[in-house]
Each structure stands twice: as structure tokens, then as C-alpha cells.
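Structure below is input_8.pdb: PDB, C-alpha atoms.
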ATOM      1  CA  MET A   1       0.000   0.000   0.000
ATOM      2  CA  ASP A   2       1.524   3.314  -1.102
ATOM      3  CA  ILE A   3       1.383   6.277   1.208
ATOM      4  CA  MET A   4       0.620   9.529  -0.561
ATOM      5  CA  SER A   5       2.536  12.706   0.213
ATOM      6  CA  SER A   6       1.157  16.208  -0.092
ATOM      7  CA  ALA A   7       3.274  16.469  -3.274
ATOM      8  CA  HIS A   8       0.884  13.929  -4.830
ATOM      9  CA  VAL A   9      -2.307  15.442  -3.417
ATOM     10  CA  ALA A  10      -3.823  18.787  -4.378
ATOM     11  CA  LEU A  11      -6.984  20.738  -3.685
ATOM     12  CA  ARG A  12      -8.602  22.496  -6.628
ATOM     13  CA  PRO A  13     -11.643  24.749  -6.156
ATOM     14  CA  LEU A  14     -14.736  23.008  -7.460
ATOM     15  CA  ASP A  15     -16.074  24.152 -10.830
ATOM     16  CA  GLU A  16     -18.597  22.639 -13.248
ATOM     17  CA  ALA A  17     -16.026  20.417 -14.988
ATOM     18  CA  LEU A  18     -14.697  19.100 -11.682
ATOM     19  CA  LEU A  19     -18.253  18.660 -10.383
ATOM     20  CA  ASP A  20     -18.951  16.131 -13.143
ATOM     21  CA  ALA A  21     -15.773  14.219 -12.275
ATOM     22  CA  LEU A  22     -16.583  14.426  -8.549
ATOM     23  CA  ALA A  23     -20.093  13.052  -9.129
ATOM     24  CA  ALA A  24     -18.607  10.182 -11.143
ATOM     25  CA  THR A  25     -16.125   9.400  -8.343
ATOM     26  CA  ALA A  26     -18.887   9.516  -5.735
ATOM     27  CA  ALA A  27     -21.169   7.189  -7.706
ATOM     28  CA  ALA A  28     -18.393   4.717  -8.534
ATOM     29  CA  ASP A  29     -16.430   4.727  -5.297
ATOM     30  CA  ALA A  30     -18.595   5.801  -2.328
ATOM     31  CA  ASP A  31     -22.011   5.317  -0.809
ATOM     32  CA  PRO A  32     -24.469   8.235  -1.039
ATOM     33  CA  GLY A  33     -24.643   8.570   2.753
ATOM     34  CA  GLU A  34     -20.884   9.145   2.885
ATOM     35  CA  VAL A  35     -20.844  12.051   0.453
ATOM     36  CA  MET A  36     -24.124  13.955   0.656
ATOM     37  CA  PRO A  37     -27.000  14.732   2.993
ATOM     38  CA  PRO A  38     -29.699  12.058   3.133
ATOM     39  CA  ALA A  39     -32.073  12.196   0.174
ATOM     40  CA  GLU A  40     -35.638  11.179   0.899
ATOM     41  CA  ASP A  41     -36.408   9.785  -2.528
ATOM     42  CA  GLY A  42     -37.692   6.384  -1.408
ATOM     43  CA  SER A  43     -35.434   4.480  -3.787
ATOM     44  CA  GLY A  44     -33.533   2.420  -1.219
ATOM     45  CA  PRO A  45     -29.778   2.171  -0.814
ATOM     46  CA  GLY A  46     -27.191   2.966  -3.464
ATOM     47  CA  TRP A  47     -26.909   5.446  -6.272
ATOM     48  CA  THR A  48     -29.795   6.301  -8.574
ATOM     49  CA  ASP A  49     -30.105   8.955 -11.263
ATOM     50  CA  ALA A  50     -32.141  11.009  -8.781
ATOM     51  CA  ARG A  51     -29.412  10.768  -6.117
ATOM     52  CA  ARG A  52     -26.701  11.741  -8.573
ATOM     53  CA  GLU A  53     -28.793  14.755  -9.626
ATOM     54  CA  ALA A  54     -29.305  15.633  -5.940
ATOM     55  CA  PHE A  55     -25.534  15.429  -5.380
ATOM     56  CA  VAL A  56     -24.891  17.856  -8.238
ATOM     57  CA  ARG A  57     -27.710  20.208  -7.114
ATOM     58  CA  PHE A  58     -26.365  20.184  -3.560
ATOM     59  CA  HIS A  59     -22.896  21.310  -4.670
ATOM     60  CA  ARG A  60     -24.247  23.906  -7.064
ATOM     61  CA  SER A  61     -26.437  25.338  -4.286
ATOM     62  CA  ARG A  62     -23.598  25.473  -1.742
ATOM     63  CA  SER A  63     -20.349  26.255  -3.528
ATOM     64  CA  LEU A  64     -21.005  27.087  -7.176
ATOM     65  CA  ARG A  65     -23.580  29.823  -6.679
ATOM     66  CA  ALA A  66     -22.780  33.547  -6.946
ATOM     67  CA  ASP A  67     -22.504  33.894  -3.152
ATOM     68  CA  PRO A  68     -21.182  30.506  -1.967
ATOM     69  CA  VAL A  69     -21.836  29.392   1.605
ATOM     70  CA  GLU A  70     -18.741  27.204   1.587
ATOM     71  CA  THR A  71     -15.652  26.528  -0.469
ATOM     72  CA  VAL A  72     -15.510  23.020  -1.887
ATOM     73  CA  TYR A  73     -12.358  21.568  -3.352
ATOM     74  CA  ALA A  74     -11.917  18.509  -5.526
ATOM     75  CA  VAL A  75      -9.230  16.311  -3.986
ATOM     76  CA  LEU A  76      -6.843  15.450  -6.810
ATOM     77  CA  VAL A  77      -4.240  12.716  -6.594
ATOM     78  CA  THR A  78      -1.422  12.145  -9.027
ATOM     79  CA  GLU A  79      -0.544   8.500  -9.501
ATOM     80  CA  PRO A  80       1.062   6.399 -12.207
ATOM     81  CA  GLY A  81      -1.470   5.438 -14.868
ATOM     82  CA  GLU A  82      -1.624   2.081 -16.613
ATOM     83  CA  ASP A  83       1.057   3.307 -19.012
ATOM     84  CA  GLY A  84       3.313   4.359 -16.115
ATOM     85  CA  ARG A  85       2.839   8.059 -16.815
ATOM     86  CA  PRO A  86       1.465  10.304 -14.068
ATOM     87  CA  ARG A  87      -2.275  10.808 -14.195
ATOM     88  CA  GLU A  88      -4.469  13.037 -12.099
ATOM     89  CA  ALA A  89      -7.683  11.628 -10.641
ATOM     90  CA  VAL A  90     -10.476  13.076  -8.525
ATOM     91  CA  ALA A  91     -10.333  11.121  -5.265
ATOM     92  CA  GLY A  92     -13.025  12.955  -3.294
ATOM     93  CA  ALA A  93     -13.904  16.376  -1.923
ATOM     94  CA  ALA A  94     -12.902  18.670   0.909
ATOM     95  CA  ARG A  95     -14.620  21.799   2.142
ATOM     96  CA  LEU A  96     -14.226  24.832   4.350
ATOM     97  CA  ALA A  97     -17.288  26.656   5.667
ATOM     98  CA  PRO A  98     -17.928  29.286   8.321
ATOM     99  CA  ALA A  99     -18.054  27.707  11.785
ATOM    100  CA  PRO A 100     -20.262  28.821  14.687
ATOM    101  CA  GLU A 101     -17.278  30.344  16.507
ATOM    102  CA  PRO A 102     -16.005  33.713  15.221
ATOM    103  CA  GLY A 103     -12.673  33.380  13.428
ATOM    104  CA  ALA A 104     -13.162  29.667  12.839
ATOM    105  CA  VAL A 105     -13.946  27.519   9.827
ATOM    106  CA  GLU A 106     -15.428  24.052   9.612
ATOM    107  CA  ALA A 107     -13.681  21.423   7.515
ATOM    108  CA  GLY A 108     -15.134  18.372   5.851
ATOM    109  CA  LEU A 109     -13.631  15.598   3.764
ATOM    110  CA  TRP A 110     -14.677  12.447   1.956
ATOM    111  CA  LEU A 111     -12.628  10.102  -0.166
ATOM    112  CA  GLY A 112     -13.661   7.309  -2.481
ATOM    113  CA  ARG A 113     -13.058   3.818  -1.088
ATOM    114  CA  SER A 114     -10.120   3.126  -3.436
ATOM    115  CA  HIS A 115      -8.287   6.187  -2.078
ATOM    116  CA  ARG A 116      -8.691   5.482   1.634
ATOM    117  CA  GLY A 117      -5.985   4.225   3.975
ATOM    118  CA  ARG A 118      -3.100   5.616   1.935
ATOM    119  CA  GLY A 119      -2.368   8.905   3.690
ATOM    120  CA  ILE A 120      -4.434  11.030   1.322
ATOM    121  CA  GLY A 121      -6.748  12.215   4.108
ATOM    122  CA  THR A 122      -3.752  13.285   6.202
ATOM    123  CA  ALA A 123      -2.328  15.250   3.270
ATOM    124  CA  VAL A 124      -5.735  16.844   2.586
ATOM    125  CA  PHE A 125      -6.168  17.864   6.225
ATOM    126  CA  ALA A 126      -2.758  19.590   6.154
ATOM    127  CA  LEU A 127      -3.766  21.406   2.954
ATOM    128  CA  LEU A 128      -7.096  22.443   4.529
ATOM    129  CA  LEU A 129      -5.227  23.841   7.543
ATOM    130  CA  ASP A 130      -3.053  25.866   5.155
ATOM    131  CA  GLU A 131      -6.148  27.152   3.305
ATOM    132  CA  ALA A 132      -7.862  28.048   6.597
ATOM    133  CA  ARG A 133      -4.794  29.960   7.808
ATOM    134  CA  ALA A 134      -4.486  31.771   4.468
ATOM    135  CA  ALA A 135      -8.135  32.825   4.800
ATOM    136  CA  GLY A 136      -7.398  34.258   8.257
ATOM    137  CA  ALA A 137      -9.071  31.574  10.366
ATOM    138  CA  ALA A 138      -7.680  31.121  13.863
ATOM    139  CA  ARG A 139      -9.326  27.724  14.470
ATOM    140  CA  LEU A 140     -10.649  24.816  12.475
ATOM    141  CA  LEU A 141     -13.582  22.588  13.439
ATOM    142  CA  ALA A 142     -14.218  19.090  12.100
ATOM    143  CA  ARG A 143     -17.080  16.732  12.906
ATOM    144  CA  THR A 144     -17.425  12.997  12.483
ATOM    145  CA  HIS A 145     -19.224  10.075  14.082
ATOM    146  CA  GLU A 146     -17.742   7.887  16.800
ATOM    147  CA  THR A 147     -17.977   4.893  14.450
ATOM    148  CA  ASN A 148     -15.644   6.566  11.921
ATOM    149  CA  ALA A 149     -12.368   5.293  13.375
ATOM    150  CA  ALA A 150     -10.295   6.444  10.380
ATOM    151  CA  ALA A 151     -11.488  10.044  10.731
ATOM    152  CA  ARG A 152     -10.888   9.987  14.488
ATOM    153  CA  ARG A 153      -7.317   8.700  13.936
ATOM    154  CA  LEU A 154      -6.642  11.349  11.303
ATOM    155  CA  LEU A 155      -7.936  14.151  13.524
ATOM    156  CA  ALA A 156      -6.063  12.917  16.606
ATOM    157  CA  ALA A 157      -2.822  12.571  14.606
ATOM    158  CA  ALA A 158      -3.263  16.157  13.375
ATOM    159  CA  GLY A 159      -3.215  17.341  16.986
ATOM    160  CA  THR A 160      -6.876  18.219  17.333
ATOM    161  CA  GLY A 161      -8.753  17.928  20.587
ATOM    162  CA  LEU A 162     -11.492  15.286  20.215
ATOM    163  CA  GLU A 163     -14.764  15.805  22.078
ATOM    164  CA  PHE A 164     -17.177  12.853  22.245
ATOM    165  CA  HIS A 165     -20.892  13.627  22.585
ATOM    166  CA  GLY A 166     -23.756  11.471  23.825
ATOM    167  CA  ASP A 167     -25.429  11.339  20.396
ATOM    168  CA  GLY A 168     -22.422   9.582  18.829
ATOM    169  CA  THR A 169     -20.932  12.671  17.229
ATOM    170  CA  VAL A 170     -17.331  13.705  17.695
ATOM    171  CA  THR A 171     -16.079  17.253  17.271
ATOM    172  CA  ALA A 172     -12.463  18.195  16.846
ATOM    173  CA  TRP A 173     -10.874  21.623  17.123
ATOM    174  CA  TRP A 174      -7.501  22.614  15.790
ATOM    175  CA  PRO A 175      -5.755  23.895  17.692
ATOM    176  CA  PRO A 176      -7.419  22.374  20.753
ATOM    177  CA  ALA A 177      -8.924  24.804  23.255
ATOM    178  CA  GLY A 178      -6.260  26.532  25.326
ATOM    179  CA  ARG A 179      -3.472  25.910  22.814
ATOM    180  CA  ARG A 180      -2.080  28.431  20.365
ATOM    181  CA  PRO A 181      -1.558  27.435  16.753
ATOM    182  CA  PRO A 182       2.055  26.863  15.730
ATOM    183  CA  ALA A 183       3.638  29.900  14.114
TER
END

Take the structure from the file and write it as C-alpha cells.
Amino acid sequence: MDIMSSAHVALRPLDEALLDALAATAAADADPGEVMPPAEDGSGPGWTDARREAFVRFHRSRSLRADPVETVYAVLVTEPGEDGRPREAVAGAARLAPAPEPGAVEAGLWLGRSHRGRGIGTAVFALLLDEARAAGAARLLARTHETNAAARRLLAAAGTGLEFHGDGTVTAWWPPAGRRPPA
């Protein structure tokens, strides 16, 4: 299993062309519940045309509108293609949105199954921290569920403070409360 470095991982702001590629990655390599809010379309589990359309509508309504409520990035990885030449692929998405605390942003991340467990999430989190700092944020918030062990490990390794809540959610702040961010 190869471990990806940040040199092989990039964040590119989502646009219409990347949205098509992101929707294809989501449908081929993730479950709908991992990558979008629940859709009450009554069609059962898995991807349908209606769910794919809802995925695209969701991103257009959040990050591709004239006054976006969040910044979404396509997570791009560069890997050797079948011919041995480097190829760039959309591996998932990351986002930064205003957080409830002044001066803070909330981060989110999902990766397709074939891109998990290779260090890509760690590289993306470091890139999100850089983007948050560049935007003037003093703190970064991330949320996950207690059953998402990979996300909890990533957040703990990044030096966040994990807070477990009775409803199964976990929040993480970087830097943790009472600590100053590194200069």
C-alpha cells in the first residue's frame, strides 16, 4: 500500500467540470450517505439517477452559486497510470465553511473507497489547515461520528482535541482549546 505525500495530493476549487468528475467518483467509489445529505427519494440504498442529480444540485447550491456558503475543493491525486505516466484523478472532496465560533472555519472531507488508507486524508487535512490559515481563520472545526475510526485517527494525529458527545458525534478543534496554533 503506497502512502501519498502532499506532493501527490492537491486541492482544486470546485467548478462545473470538476463537479462532473466528482459526481462520477462519488457514484463509482462511495455510498451516497458518505458524500451527501440524506435524500428522501424512497429508492432504497445505493446510487440512482435522482441521487446523482441531488448530489450535483447540492454542490451547485452550496459552492457554485454567486454567493457561496462554503468553499468546496476537488481532492486530486497524481498517480502512475496504466502506461506508467502520471495521471491526475479526482479522489473525493474537501470543504471549508464558516463555523459557529467567530474566526473559525469548519472542515469536511470524503474520499472514495479506493483512495482510503493511503495517507491522502492526512495530506488533505494539512492542505485544509493551510487554506484556513491563508483565509485568516484562527481555528478549524471538524465533525465525524464515533464509528468513523479512520477520521478519528486522522484528527487525533493532526493534533486536534477530540470531544465525544452522547449522540455519537465527535467534534475536533484545531488547535485544541487553550493551545495556540504553531507559528

*From the set A:Phe58, A:Gly168, A:Ala123, A:Ala135, which residue has the shortest atom-to-atom contact distance to Leu155 in chain A, counting all atoms listed in the file?*
A:Ala123

*On this structure, which residues satisfy the PyMOL selection byres ((chain A and resi 75) around 6), written as an MDAnalysis selection string?*
chainID A and resid 10:11 74 76 90:93

*Selection result of the PyMOL selection byres ((chain A and resi 72) around 10) on this file, as a count of residues only*: 25

*For the file shown, what are the residues hit by the PyMOL selection byres ((chain A and resi 52) around 12), laid out as JSON, numbers by chain?*
{"A": [19, 20, 21, 22, 23, 24, 25, 26, 27, 28, 30, 31, 32, 33, 35, 36, 37, 39, 41, 46, 47, 48, 49, 50, 51, 53, 54, 55, 56, 57, 58, 59]}

*May I ask which of the residues A:Ser61, A:Thr122, A:Thr171, A:Thr144 is the closest one to Glu34 in chain A, counting all atoms listed in the file?*
A:Thr144
